[in-house]
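What follows is a single structure, written as structure tokens, with notes after it.
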Amino acid sequence: MALPARTKSQAGVNLPALRHHNAALVLDLLRAAGAEGISRLELAERTGLTPQAVSKITARLRAEGLAVGAGLRPSTGGKPRTVLRLVPDAQFAVGLHLDRDGLTAVLVDLAGRPVAVTTAPLDFGAPAEQVLAGAADAVRDLSAAEPHKPVLGLGVAVPGPLDHRDGVLHRVTGFPQWDGFPLRDALAERTGLPVTVDKDTNAAALTLSLGEPLGDFAYLHLGTGLGAGLVLGGEVHRGARTGAGEFGHQTLQLDGPLCGCGGRGCIEALCLAAEARGDRAEAARVLGAGAANLVGLLDIDRVVLGGRTVAADEDAYVRGVRAVIEERAARGGGGGTVTVTVAGGGDRPVAEGAAQLVLAPVFGRVGERG
């Protein structure tokens with residue numbers, strides 16, 4: 001199968017200090033190759049590492065159970081090449097989506113494939129200890145699905161705003177009591193796992209960015225709230241304080257209805273109010289107005305819609321958002337070639353993206369734009 005070329009920032013360097021970095025490059029190519037595998041020579045060519053360095057890395061990966069032989073590639077004049085492949089079920093990661101009214105947890109293998117999924121009701125307004133207990137129970141239940149295989153860590157996706165680097169929540173809309181809560185450390189203590197915390201929209205955008213190349217895009221998640229995940233230059237854009245993507249609280253109507261954030265006329269409030277009264281066309285139009293603002297501001301290539309509210313009528317939302325973007329473009333506002341698509345799966349991409357918060361660094365996919 002055709003494998004993606006490495007970018008300059010992903011090229012290998014033959015320095016002992018970059019042992020983990022180089023191993024991550026090799027692992028990423030093994031993952032991309034799938035069951036067909038890839039030879040050591042191809043690994044050397046694609047990473048820029050010497051054949052000797054690749055041999056040492058692959059020997060170590062085989063000893064650790066992360067790689068295995070996948071047969072021989074027919075000779076083209078020399079010795080047949082041994083092909084290696086990733087062992088996806090050698091290790092696992094857990095992704096946890098804590099929403100305002102429920103949780104979704106997923107156990108994924110190294111290839112990012114879900115092995116087990118669980119969902120449960122959740123009251124995000126309950127005392128923190130109650131929320132943490134439910135989350136920890138879900139993680140333990142999932143980890144038991146593969147009791148003899150190591151779980152690398154727990155990725156947690158929650159509504160923003162928050163501090164991604166320190167794993168501390170800020171004033172989640174409608175739930176100000178979480179402001180300043182150290183969610184990462186609290187869940188690490190409860191589960192015994194390394195924990196990474198990010199916004200739900202960033203988690204979903206991350207997993208989308210690891211699939212088919214989408215260029216620069218915005219993921220707009222409409223569920224119990226509304227937010228955006230931005231991928232610019234192939235990396236999730238979190239901002240200098242990791243607070244980028246608070247899309248739902250841009251003001252569209254100065255004297256509009258009160259929003260849970262304390263402002264008025266926010267796109268989230270307008271969109272959810274239209275949905276609540278059964279006017280989905282208006283909800284899609286409001287979402288489209290916000291999307292068109294993003295397109296004009298960032299000159300992005302694609303808008304991807306997701307979340308349970310969008311999943312209830314994907315076609316209506318795609319049509320409505322596309323119509324507003326195209327209308328704006330016709331007036332010279334840009335966005336005439338922007339594609340509008342749906343992520344699919346409702347809230348599942350968020351939980352799976354949370355697991356990628358753990359897996360991405362294993363494969364050298366750790367970039368973030370400030």
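We label chains A, B, ... in the order they appear in the structure tokens, count residues from 1 in each chain, and number ligands from 1 in the order shown.
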
Using backbone DSSP assignments, extract all helix (DSSP H, G or I) residues from region 64-309 of chain A; output them as a short mmCIF file (atom, residue, chain, number, x, y, z; two decimals) with all heavy atoms, in the first residue's frame.
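Written file, states14.cif:
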data_model
loop_
_atom_site.label_atom_id
_atom_site.label_comp_id
_atom_site.auth_asym_id
_atom_site.auth_seq_id
_atom_site.Cartn_x
_atom_site.Cartn_y
_atom_site.Cartn_z
N PRO A 88 -1.04 -4.72 16.76
CA PRO A 88 -1.97 -3.73 17.33
C PRO A 88 -2.43 -4.06 18.75
O PRO A 88 -2.67 -3.14 19.54
CB PRO A 88 -3.16 -3.76 16.35
CG PRO A 88 -2.58 -4.27 15.08
CD PRO A 88 -1.55 -5.26 15.49
N ASP A 89 -2.58 -5.34 19.07
CA ASP A 89 -3.11 -5.68 20.39
C ASP A 89 -2.01 -5.89 21.43
O ASP A 89 -2.25 -6.50 22.47
CB ASP A 89 -4.01 -6.90 20.31
CG ASP A 89 -3.28 -8.16 19.86
OD1 ASP A 89 -2.10 -8.06 19.47
OD2 ASP A 89 -3.90 -9.24 19.88
N ALA A 90 -0.83 -5.37 21.16
CA ALA A 90 0.25 -5.47 22.15
C ALA A 90 0.00 -4.53 23.32
O ALA A 90 0.38 -4.82 24.46
CB ALA A 90 1.59 -5.15 21.50
N ALA A 128 -17.94 16.70 42.48
CA ALA A 128 -16.80 16.18 41.73
C ALA A 128 -16.50 14.73 42.07
O ALA A 128 -16.18 13.93 41.19
CB ALA A 128 -15.57 17.04 42.00
N GLU A 129 -16.60 14.36 43.35
CA GLU A 129 -16.29 12.99 43.75
C GLU A 129 -17.21 11.99 43.07
O GLU A 129 -16.80 10.88 42.71
CB GLU A 129 -16.38 12.85 45.27
CG GLU A 129 -15.20 13.46 46.01
CD GLU A 129 -13.88 12.82 45.58
OE1 GLU A 129 -13.78 11.58 45.61
OE2 GLU A 129 -12.96 13.57 45.21
N GLN A 130 -18.47 12.36 42.88
CA GLN A 130 -19.43 11.47 42.21
C GLN A 130 -19.08 11.31 40.74
O GLN A 130 -19.13 10.21 40.18
CB GLN A 130 -20.84 12.03 42.37
CG GLN A 130 -21.92 11.16 41.76
CD GLN A 130 -23.31 11.74 42.02
OE1 GLN A 130 -23.55 12.36 43.07
NE2 GLN A 130 -24.22 11.54 41.08
N VAL A 131 -18.72 12.41 40.09
CA VAL A 131 -18.33 12.36 38.68
C VAL A 131 -17.06 11.53 38.51
O VAL A 131 -16.97 10.67 37.61
CB VAL A 131 -18.12 13.78 38.12
CG1 VAL A 131 -17.59 13.72 36.69
CG2 VAL A 131 -19.44 14.56 38.16
N LEU A 132 -16.08 11.74 39.38
CA LEU A 132 -14.83 11.00 39.29
C LEU A 132 -15.04 9.51 39.53
O LEU A 132 -14.41 8.67 38.87
CB LEU A 132 -13.83 11.55 40.32
CG LEU A 132 -13.30 12.96 40.09
CD1 LEU A 132 -12.44 13.39 41.25
CD2 LEU A 132 -12.51 13.05 38.79
N ALA A 133 -15.91 9.17 40.46
CA ALA A 133 -16.18 7.76 40.75
C ALA A 133 -16.76 7.06 39.53
O ALA A 133 -16.36 5.94 39.18
CB ALA A 133 -17.11 7.64 41.95
N GLY A 134 -17.73 7.71 38.86
CA GLY A 134 -18.32 7.11 37.66
C GLY A 134 -17.30 6.96 36.55
O GLY A 134 -17.28 5.94 35.84
N ALA A 135 -16.45 7.96 36.39
CA ALA A 135 -15.43 7.89 35.35
C ALA A 135 -14.44 6.77 35.63
O ALA A 135 -14.07 5.99 34.75
CB ALA A 135 -14.70 9.23 35.25
N ALA A 136 -13.99 6.67 36.88
CA ALA A 136 -13.01 5.64 37.24
C ALA A 136 -13.60 4.24 37.09
O ALA A 136 -12.91 3.31 36.66
CB ALA A 136 -12.53 5.86 38.67
N ASP A 137 -14.87 4.08 37.43
CA ASP A 137 -15.52 2.78 37.25
C ASP A 137 -15.54 2.37 35.79
O ASP A 137 -15.28 1.20 35.45
CB ASP A 137 -16.95 2.82 37.80
CG ASP A 137 -17.00 2.84 39.33
OD1 ASP A 137 -15.97 2.53 39.96
OD2 ASP A 137 -18.07 3.17 39.87
N ALA A 138 -15.86 3.32 34.91
CA ALA A 138 -15.89 3.02 33.47
C ALA A 138 -14.51 2.62 32.96
O ALA A 138 -14.38 1.68 32.16
CB ALA A 138 -16.41 4.24 32.70
N VAL A 139 -13.48 3.30 33.43
CA VAL A 139 -12.12 2.98 33.00
C VAL A 139 -11.72 1.59 33.48
O VAL A 139 -11.13 0.80 32.73
CB VAL A 139 -11.13 4.04 33.52
CG1 VAL A 139 -9.69 3.62 33.24
CG2 VAL A 139 -11.43 5.39 32.89
N ARG A 140 -12.04 1.25 34.72
CA ARG A 140 -11.70 -0.07 35.24
C ARG A 140 -12.43 -1.17 34.48
O ARG A 140 -11.86 -2.23 34.17
CB ARG A 140 -12.03 -0.15 36.73
CG ARG A 140 -10.96 0.44 37.62
CD ARG A 140 -11.19 0.05 39.07
NE ARG A 140 -12.40 0.69 39.58
CZ ARG A 140 -12.41 1.88 40.19
NH1 ARG A 140 -11.28 2.54 40.33
NH2 ARG A 140 -13.53 2.38 40.64
N ASP A 141 -13.70 -0.95 34.19
CA ASP A 141 -14.48 -1.95 33.45
C ASP A 141 -13.88 -2.21 32.07
O ASP A 141 -13.79 -3.35 31.61
CB ASP A 141 -15.93 -1.49 33.30
CG ASP A 141 -16.69 -1.52 34.62
OD1 ASP A 141 -16.19 -2.15 35.58
OD2 ASP A 141 -17.77 -0.91 34.70
N LEU A 142 -13.46 -1.14 31.38
CA LEU A 142 -12.87 -1.30 30.05
C LEU A 142 -11.51 -1.99 30.13
O LEU A 142 -11.21 -2.87 29.31
CB LEU A 142 -12.71 0.06 29.38
CG LEU A 142 -13.94 0.66 28.72
CD1 LEU A 142 -13.57 1.97 28.07
CD2 LEU A 142 -14.54 -0.28 27.69
N SER A 143 -10.71 -1.60 31.08
CA SER A 143 -9.38 -2.20 31.21
C SER A 143 -9.47 -3.70 31.47
O SER A 143 -8.59 -4.47 31.06
CB SER A 143 -8.60 -1.53 32.35
OG SER A 143 -8.42 -0.15 32.09
N PRO A 176 -19.93 26.37 36.42
CA PRO A 176 -18.78 27.17 36.88
C PRO A 176 -18.06 26.57 38.07
O PRO A 176 -16.93 26.95 38.38
CB PRO A 176 -19.43 28.52 37.23
CG PRO A 176 -20.87 28.20 37.52
CD PRO A 176 -21.21 27.08 36.58
N GLN A 177 -18.70 25.60 38.77
CA GLN A 177 -18.06 25.02 39.95
C GLN A 177 -16.81 24.21 39.61
O GLN A 177 -15.99 23.91 40.48
CB GLN A 177 -19.06 24.11 40.69
CG GLN A 177 -19.43 22.81 39.98
CD GLN A 177 -20.61 22.97 39.03
OE1 GLN A 177 -20.92 24.08 38.58
NE2 GLN A 177 -21.29 21.86 38.73
N TRP A 178 -16.61 23.89 38.31
CA TRP A 178 -15.43 23.15 37.91
C TRP A 178 -14.22 24.05 37.69
O TRP A 178 -13.11 23.57 37.45
CB TRP A 178 -15.70 22.37 36.62
CG TRP A 178 -16.57 21.16 36.82
CD1 TRP A 178 -17.92 21.07 36.57
CD2 TRP A 178 -16.17 19.88 37.31
NE1 TRP A 178 -18.37 19.81 36.87
CE2 TRP A 178 -17.32 19.05 37.32
CE3 TRP A 178 -14.95 19.35 37.74
CZ2 TRP A 178 -17.28 17.73 37.74
CZ3 TRP A 178 -14.91 18.03 38.16
CH2 TRP A 178 -16.06 17.23 38.17
N LEU A 183 -8.48 18.14 37.06
CA LEU A 183 -9.07 16.88 36.62
C LEU A 183 -8.01 15.84 36.28
O LEU A 183 -8.17 14.65 36.61
CB LEU A 183 -9.97 17.14 35.40
CG LEU A 183 -10.73 15.92 34.86
CD1 LEU A 183 -11.70 15.39 35.91
CD2 LEU A 183 -11.48 16.27 33.58
N ARG A 184 -6.94 16.25 35.62
CA ARG A 184 -5.90 15.29 35.24
C ARG A 184 -5.34 14.57 36.46
O ARG A 184 -5.29 13.33 36.50
CB ARG A 184 -4.78 16.00 34.49
CG ARG A 184 -3.68 15.05 34.02
CD ARG A 184 -2.47 15.82 33.53
NE ARG A 184 -1.82 16.56 34.63
CZ ARG A 184 -0.88 17.47 34.44
NH1 ARG A 184 -0.49 17.79 33.22
NH2 ARG A 184 -0.33 18.07 35.49
N ASP A 185 -4.93 15.33 37.46
CA ASP A 185 -4.31 14.73 38.63
C ASP A 185 -5.31 13.90 39.43
O ASP A 185 -4.95 12.84 39.97
CB ASP A 185 -3.70 15.82 39.51
CG ASP A 185 -2.54 16.53 38.84
OD1 ASP A 185 -2.02 16.00 37.82
OD2 ASP A 185 -2.16 17.62 39.31
N ALA A 186 -6.55 14.36 39.49
CA ALA A 186 -7.56 13.63 40.25
C ALA A 186 -7.86 12.27 39.62
O ALA A 186 -7.98 11.26 40.32
CB ALA A 186 -8.84 14.46 40.35
N LEU A 187 -7.96 12.23 38.30
CA LEU A 187 -8.23 10.96 37.63
C LEU A 187 -7.00 10.06 37.63
O LEU A 187 -7.13 8.82 37.68
CB LEU A 187 -8.74 11.20 36.21
CG LEU A 187 -10.21 11.54 36.10
CD1 LEU A 187 -10.58 11.88 34.65
CD2 LEU A 187 -11.08 10.38 36.59
N ALA A 188 -5.82 10.63 37.56
CA ALA A 188 -4.60 9.81 37.65
C ALA A 188 -4.54 9.11 39.00
O ALA A 188 -4.17 7.92 39.09
CB ALA A 188 -3.37 10.68 37.43
N GLU A 189 -4.90 9.81 40.04
CA GLU A 189 -4.89 9.21 41.37
C GLU A 189 -5.94 8.12 41.48
O GLU A 189 -5.70 7.06 42.08
CB GLU A 189 -5.14 10.29 42.42
CG GLU A 189 -5.10 9.78 43.85
CD GLU A 189 -5.30 10.89 44.87
OE1 GLU A 189 -5.35 12.07 44.46
OE2 GLU A 189 -5.39 10.57 46.07
N ARG A 190 -7.11 8.34 40.87
CA ARG A 190 -8.20 7.37 40.94
C ARG A 190 -7.92 6.11 40.12
O ARG A 190 -8.30 5.02 40.53
CB ARG A 190 -9.49 8.02 40.40
CG ARG A 190 -10.15 8.99 41.35
CD ARG A 190 -11.19 8.28 42.16
NE ARG A 190 -11.98 9.18 42.96
CZ ARG A 190 -13.08 8.83 43.61
NH1 ARG A 190 -13.53 7.58 43.50
NH2 ARG A 190 -13.74 9.68 44.35
N THR A 191 -7.28 6.26 38.98
CA THR A 191 -7.14 5.12 38.05
C THR A 191 -5.75 4.50 38.06
O THR A 191 -5.59 3.37 37.59
CB THR A 191 -7.44 5.57 36.61
OG1 THR A 191 -6.48 6.56 36.19
CG2 THR A 191 -8.85 6.16 36.50
N ASP A 200 -13.20 18.42 24.24
CA ASP A 200 -13.85 17.40 23.42
C ASP A 200 -13.66 17.67 21.93
O ASP A 200 -13.39 16.73 21.15
CB ASP A 200 -15.35 17.30 23.77
CG ASP A 200 -16.05 18.64 23.90
OD1 ASP A 200 -15.48 19.68 23.49
OD2 ASP A 200 -17.19 18.66 24.42
N THR A 201 -13.73 18.93 21.54
CA THR A 201 -13.59 19.26 20.12
C THR A 201 -12.17 19.03 19.62
O THR A 201 -11.96 18.60 18.49
CB THR A 201 -14.01 20.72 19.88
OG1 THR A 201 -13.33 21.56 20.83
CG2 THR A 201 -15.51 20.89 20.04
N ASN A 202 -11.18 19.32 20.46
CA ASN A 202 -9.80 19.08 20.07
C ASN A 202 -9.52 17.59 19.91
O ASN A 202 -8.78 17.17 19.02
CB ASN A 202 -8.84 19.67 21.10
CG ASN A 202 -8.76 21.17 21.04
OD1 ASN A 202 -9.15 21.78 20.05
ND2 ASN A 202 -8.25 21.79 22.09
N ALA A 203 -10.10 16.79 20.81
CA ALA A 203 -9.89 15.34 20.73
C ALA A 203 -10.44 14.80 19.42
O ALA A 203 -9.79 14.01 18.72
CB ALA A 203 -10.56 14.66 21.92
N ALA A 204 -11.66 15.21 19.06
CA ALA A 204 -12.25 14.74 17.81
C ALA A 204 -11.45 15.24 16.61
O ALA A 204 -11.22 14.49 15.65
CB ALA A 204 -13.70 15.21 17.70
N ALA A 205 -11.02 16.49 16.65
CA ALA A 205 -10.22 17.03 15.54
C ALA A 205 -8.91 16.28 15.40
O ALA A 205 -8.45 16.03 14.27
CB ALA A 205 -9.95 18.52 15.77
N LEU A 206 -8.31 15.87 16.52
CA LEU A 206 -7.07 15.11 16.47
C LEU A 206 -7.25 13.81 15.73
O LEU A 206 -6.46 13.47 14.83
CB LEU A 206 -6.55 14.85 17.89
CG LEU A 206 -5.34 13.93 17.99
CD1 LEU A 206 -4.13 14.52 17.29
CD2 LEU A 206 -5.02 13.63 19.46
N THR A 207 -8.28 13.05 16.08
CA THR A 207 -8.47 11.75 15.43
C THR A 207 -8.81 11.92 13.96
O THR A 207 -8.40 11.12 13.12
CB THR A 207 -9.52 10.92 16.18
OG1 THR A 207 -9.38 9.54 15.81
CG2 THR A 207 -10.93 11.38 15.90
N LEU A 208 -9.52 12.97 13.60
CA LEU A 208 -9.81 13.23 12.19
C LEU A 208 -8.54 13.59 11.43
O LEU A 208 -8.35 13.18 10.28
CB LEU A 208 -10.83 14.37 12.06
CG LEU A 208 -12.26 14.08 12.51
CD1 LEU A 208 -13.08 15.35 12.53
CD2 LEU A 208 -12.91 13.04 11.60
N SER A 209 -7.63 14.32 12.07
CA SER A 209 -6.41 14.74 11.40
C SER A 209 -5.46 13.58 11.15
O SER A 209 -4.58 13.66 10.29
CB SER A 209 -5.68 15.81 12.24
OG SER A 209 -5.08 15.24 13.40
N PHE A 247 -15.79 28.38 20.04
CA PHE A 247 -16.59 28.82 18.90
C PHE A 247 -18.02 29.17 19.29
O PHE A 247 -18.63 30.09 18.75
CB PHE A 247 -16.57 27.68 17.86
CG PHE A 247 -17.54 27.81 16.73
CD1 PHE A 247 -17.24 28.62 15.65
CD2 PHE A 247 -18.73 27.11 16.73
CE1 PHE A 247 -18.11 28.72 14.59
CE2 PHE A 247 -19.61 27.21 15.67
CZ PHE A 247 -19.30 28.02 14.60
N GLY A 248 -18.60 28.41 20.22
CA GLY A 248 -20.02 28.59 20.55
C GLY A 248 -20.34 29.91 21.20
O GLY A 248 -21.52 30.29 21.26
N HIS A 249 -19.33 30.64 21.66
CA HIS A 249 -19.61 31.87 22.41
C HIS A 249 -19.18 33.12 21.67
O HIS A 249 -18.89 34.16 22.29
CB HIS A 249 -19.01 31.77 23.81
CG HIS A 249 -19.57 30.60 24.56
ND1 HIS A 249 -20.90 30.54 24.92
CD2 HIS A 249 -19.01 29.42 24.92
CE1 HIS A 249 -21.12 29.38 25.52
NE2 HIS A 249 -19.99 28.69 25.52
N ILE A 267 -23.76 32.13 19.58
CA ILE A 267 -24.18 31.18 18.57
C ILE A 267 -24.69 29.88 19.20
O ILE A 267 -25.64 29.27 18.71
CB ILE A 267 -23.04 30.90 17.56
CG1 ILE A 267 -23.51 29.97 16.45
CG2 ILE A 267 -21.81 30.37 18.24
CD1 ILE A 267 -22.48 29.80 15.36
N GLU A 268 -24.09 29.44 20.31
CA GLU A 268 -24.55 28.23 20.98
C GLU A 268 -25.99 28.39 21.47
O GLU A 268 -26.84 27.52 21.25
CB GLU A 268 -23.64 27.90 22.16
CG GLU A 268 -24.08 26.68 22.96
CD GLU A 268 -23.12 26.35 24.09
OE1 GLU A 268 -21.95 26.04 23.79
OE2 GLU A 268 -23.53 26.41 25.28
N ALA A 269 -26.26 29.50 22.13
CA ALA A 269 -27.61 29.73 22.65
C ALA A 269 -28.63 29.81 21.53
O ALA A 269 -29.72 29.22 21.61
CB ALA A 269 -27.63 31.01 23.48
N LEU A 270 -28.30 30.52 20.45
CA LEU A 270 -29.22 30.67 19.33
C LEU A 270 -29.47 29.33 18.63
O LEU A 270 -30.60 29.00 18.27
CB LEU A 270 -28.68 31.69 18.34
CG LEU A 270 -28.55 33.13 18.85
CD1 LEU A 270 -27.77 33.98 17.85
CD2 LEU A 270 -29.93 33.73 19.11
N CYS A 271 -28.41 28.57 18.44
CA CYS A 271 -28.51 27.31 17.73
C CYS A 271 -29.32 26.29 18.53
O CYS A 271 -30.23 25.64 18.00
CB CYS A 271 -27.11 26.78 17.45
SG CYS A 271 -27.04 25.50 16.20
N LEU A 272 -29.01 26.14 19.81
CA LEU A 272 -29.72 25.17 20.63
C LEU A 272 -31.17 25.58 20.87
O LEU A 272 -32.06 24.73 20.97
CB LEU A 272 -28.99 24.99 21.96
CG LEU A 272 -27.61 24.31 21.87
CD1 LEU A 272 -26.96 24.22 23.25
CD2 LEU A 272 -27.71 22.92 21.24
N ALA A 273 -31.43 26.88 20.93
CA ALA A 273 -32.81 27.34 21.09
C ALA A 273 -33.64 27.00 19.86
O ALA A 273 -34.80 26.58 19.97
CB ALA A 273 -32.83 28.84 21.36
N ALA A 274 -33.05 27.17 18.67
CA ALA A 274 -33.77 26.81 17.44
C ALA A 274 -34.05 25.32 17.39
O ALA A 274 -35.15 24.89 17.00
CB ALA A 274 -32.94 27.24 16.23
N GLU A 275 -33.08 24.50 17.80
CA GLU A 275 -33.30 23.05 17.86
C GLU A 275 -34.41 22.71 18.84
O GLU A 275 -35.26 21.87 18.55
CB GLU A 275 -32.01 22.34 18.28
CG GLU A 275 -31.16 21.81 17.16
CD GLU A 275 -31.78 20.57 16.50
OE1 GLU A 275 -32.59 19.88 17.14
OE2 GLU A 275 -31.46 20.32 15.33
N ALA A 276 -34.41 23.37 20.00
CA ALA A 276 -35.40 23.07 21.04
C ALA A 276 -36.82 23.35 20.58
O ALA A 276 -37.76 22.64 20.98
CB ALA A 276 -35.07 23.86 22.30
N ARG A 280 -35.09 23.19 12.86
CA ARG A 280 -33.74 22.71 12.52
C ARG A 280 -33.11 23.53 11.39
O ARG A 280 -31.89 23.73 11.38
CB ARG A 280 -33.80 21.24 12.16
CG ARG A 280 -32.45 20.60 11.89
CD ARG A 280 -32.51 19.11 12.06
NE ARG A 280 -32.67 18.75 13.44
CZ ARG A 280 -33.24 17.62 13.86
NH1 ARG A 280 -33.73 16.77 12.97
NH2 ARG A 280 -33.33 17.34 15.14
N ALA A 281 -33.93 23.99 10.47
CA ALA A 281 -33.39 24.81 9.38
C ALA A 281 -32.74 26.08 9.92
O ALA A 281 -31.68 26.50 9.46
CB ALA A 281 -34.50 25.14 8.39
N GLU A 282 -33.38 26.69 10.92
CA GLU A 282 -32.81 27.88 11.53
C GLU A 282 -31.54 27.54 12.32
O GLU A 282 -30.56 28.30 12.29
CB GLU A 282 -33.84 28.54 12.46
CG GLU A 282 -33.32 29.73 13.26
CD GLU A 282 -32.89 30.92 12.40
OE1 GLU A 282 -33.12 30.91 11.16
OE2 GLU A 282 -32.32 31.86 12.98
N ALA A 283 -31.57 26.42 13.02
CA ALA A 283 -30.38 25.99 13.76
C ALA A 283 -29.20 25.81 12.81
O ALA A 283 -28.07 26.23 13.10
CB ALA A 283 -30.67 24.70 14.52
N ALA A 284 -29.45 25.17 11.67
CA ALA A 284 -28.38 24.96 10.69
C ALA A 284 -27.91 26.29 10.10
O ALA A 284 -26.72 26.48 9.84
CB ALA A 284 -28.87 24.03 9.59
N ARG A 285 -28.85 27.22 9.91
CA ARG A 285 -28.48 28.53 9.35
C ARG A 285 -27.59 29.30 10.33
O ARG A 285 -26.60 29.92 9.94
CB ARG A 285 -29.74 29.34 9.04
CG ARG A 285 -29.48 30.62 8.26
CD ARG A 285 -30.80 31.30 7.91
NE ARG A 285 -31.38 31.96 9.07
CZ ARG A 285 -31.10 33.21 9.44
NH1 ARG A 285 -30.24 33.93 8.75
NH2 ARG A 285 -31.68 33.74 10.50
N VAL A 286 -27.94 29.23 11.62
CA VAL A 286 -27.12 29.90 12.64
C VAL A 286 -25.73 29.27 12.69
O VAL A 286 -24.72 29.97 12.74
CB VAL A 286 -27.82 29.81 14.02
CG1 VAL A 286 -26.88 30.30 15.12
CG2 VAL A 286 -29.10 30.63 14.02
N LEU A 287 -25.69 27.95 12.68
CA LEU A 287 -24.40 27.26 12.69
C LEU A 287 -23.59 27.63 11.45
O LEU A 287 -22.38 27.84 11.52
CB LEU A 287 -24.60 25.75 12.74
CG LEU A 287 -23.34 24.88 12.83
CD1 LEU A 287 -22.52 25.23 14.07
CD2 LEU A 287 -23.71 23.40 12.83
N GLY A 288 -24.28 27.76 10.31
CA GLY A 288 -23.62 28.15 9.07
C GLY A 288 -23.03 29.55 9.15
O GLY A 288 -21.95 29.81 8.61
N ALA A 289 -23.74 30.46 9.84
CA ALA A 289 -23.22 31.83 9.98
C ALA A 289 -21.90 31.83 10.75
O ALA A 289 -20.94 32.52 10.39
CB ALA A 289 -24.25 32.71 10.68
N GLY A 290 -21.86 31.04 11.82
CA GLY A 290 -20.62 30.94 12.58
C GLY A 290 -19.52 30.27 11.77
O GLY A 290 -18.35 30.69 11.80
N ALA A 291 -19.89 29.22 11.02
CA ALA A 291 -18.90 28.52 10.20
C ALA A 291 -18.35 29.45 9.12
O ALA A 291 -17.14 29.43 8.83
CB ALA A 291 -19.54 27.28 9.56
N ALA A 292 -19.21 30.25 8.53
CA ALA A 292 -18.75 31.19 7.50
C ALA A 292 -17.79 32.22 8.08
O ALA A 292 -16.83 32.64 7.43
CB ALA A 292 -19.96 31.89 6.85
N ASN A 293 -18.03 32.63 9.32
CA ASN A 293 -17.09 33.54 9.99
C ASN A 293 -15.72 32.89 10.12
O ASN A 293 -14.68 33.53 9.88
CB ASN A 293 -17.61 33.92 11.37
CG ASN A 293 -18.80 34.86 11.32
OD1 ASN A 293 -19.08 35.46 10.28
ND2 ASN A 293 -19.49 34.99 12.43
N LEU A 294 -15.69 31.61 10.51
CA LEU A 294 -14.43 30.89 10.64
C LEU A 294 -13.72 30.77 9.30
O LEU A 294 -12.50 30.94 9.21
CB LEU A 294 -14.67 29.49 11.21
CG LEU A 294 -14.63 29.31 12.72
CD1 LEU A 294 -14.79 27.84 13.06
CD2 LEU A 294 -13.34 29.85 13.31
N VAL A 295 -14.48 30.45 8.27
CA VAL A 295 -13.90 30.31 6.94
C VAL A 295 -13.25 31.62 6.51
O VAL A 295 -12.12 31.66 5.99
CB VAL A 295 -14.96 29.87 5.92
CG1 VAL A 295 -14.44 29.98 4.49
CG2 VAL A 295 -15.41 28.43 6.21
N GLY A 296 -13.96 32.73 6.71
CA GLY A 296 -13.41 34.02 6.33
C GLY A 296 -12.21 34.42 7.15
O GLY A 296 -11.29 35.06 6.65
N LEU A 297 -12.21 34.03 8.42
CA LEU A 297 -11.12 34.41 9.31
C LEU A 297 -9.86 33.58 9.08
O LEU A 297 -8.74 34.10 9.09
CB LEU A 297 -11.57 34.26 10.76
CG LEU A 297 -10.57 34.64 11.85
CD1 LEU A 297 -10.30 36.14 11.82
CD2 LEU A 297 -11.11 34.24 13.23
N LEU A 298 -10.03 32.26 8.87
CA LEU A 298 -8.89 31.35 8.83
C LEU A 298 -8.57 30.81 7.43
O LEU A 298 -7.53 30.18 7.25
CB LEU A 298 -9.16 30.15 9.75
CG LEU A 298 -9.38 30.48 11.22
CD1 LEU A 298 -9.74 29.21 11.99
CD2 LEU A 298 -8.16 31.14 11.82
N ARG A 308 -24.06 14.75 18.61
CA ARG A 308 -25.34 14.03 18.57
C ARG A 308 -26.46 14.84 17.92
O ARG A 308 -27.35 14.27 17.28
CB ARG A 308 -25.74 13.62 19.98
CG ARG A 308 -26.21 14.76 20.86
CD ARG A 308 -26.63 14.33 22.23
NE ARG A 308 -25.47 14.02 23.04
CZ ARG A 308 -25.54 13.89 24.37
NH1 ARG A 308 -26.69 14.02 24.99
NH2 ARG A 308 -24.44 13.65 25.07
N THR A 309 -26.44 16.18 18.07
CA THR A 309 -27.50 16.99 17.47
C THR A 309 -27.38 16.98 15.96
O THR A 309 -28.39 16.88 15.25
CB THR A 309 -27.44 18.42 18.02
OG1 THR A 309 -27.53 18.39 19.44
CG2 THR A 309 -28.58 19.26 17.47
#

Self-check item: Residue list (strand (DSSP E or B), DSSP) for region 160-304 of chain A, as a PyMOL selection string
Solution: chain A and resi 162-163+168-169+172+175+195-199+217-222+226-232+235-237+251+258+264+266+302-304

Exercise. Compile the contact shell of region 148-164 of chain A as a ChimeraX atom specification: residues with an atom at most 7 Å away, counting only C-alpha atoms, same-chain residues fewer than 5 positions apart removed.
Key: /A:90-99,169-172,193-200,203,241-243,350-351,354-355,357-358

Exercise. Skip region 311-313 of chain A itself and residues of its chain fewer than 6 positions away, then list as a list in words all residues within 9 Å of it, counting only C-alpha atoms.
Key: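 Counting only the stated atoms, we get Arg280, Leu305, Val342, Gly344, Gly345, Gly346 and Asp347 of chain A.
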
Quiz prompt | Using only C-alpha atoms: which of A:Leu226, A:Ile325, A:Ala244, A:Ala70 has the shortest distance to Arg100 (chain A) | solution =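 Result for the nearest residue to Arg100 (chain A): A:Leu226.
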
Quiz item: Using only C-alpha atoms, which of the listed residues (A:Thr339, A:Thr119, A:Thr104, A:Gln253) sits closest to Leu214 (chain A)?
Solution: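 Closest candidate: A:Thr339.
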
Quiz prompt | Atom pair CA of Ile38 (chain A) / CA of Val83 (chain A): separation (Å) | solution =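 For CA of Ile38 (chain A) relative to CA of Val83 (chain A), the distance reads 5.0 Å.
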
Exercise. May I have the residues within 10 Å of Thr337 (chain A) as a PyMOL selection string, using only C-alpha atoms and disregarding those fewer than 2 positions away in the same chain?
Key: chain A and resi 300-302+325-326+329+334-335+339-340
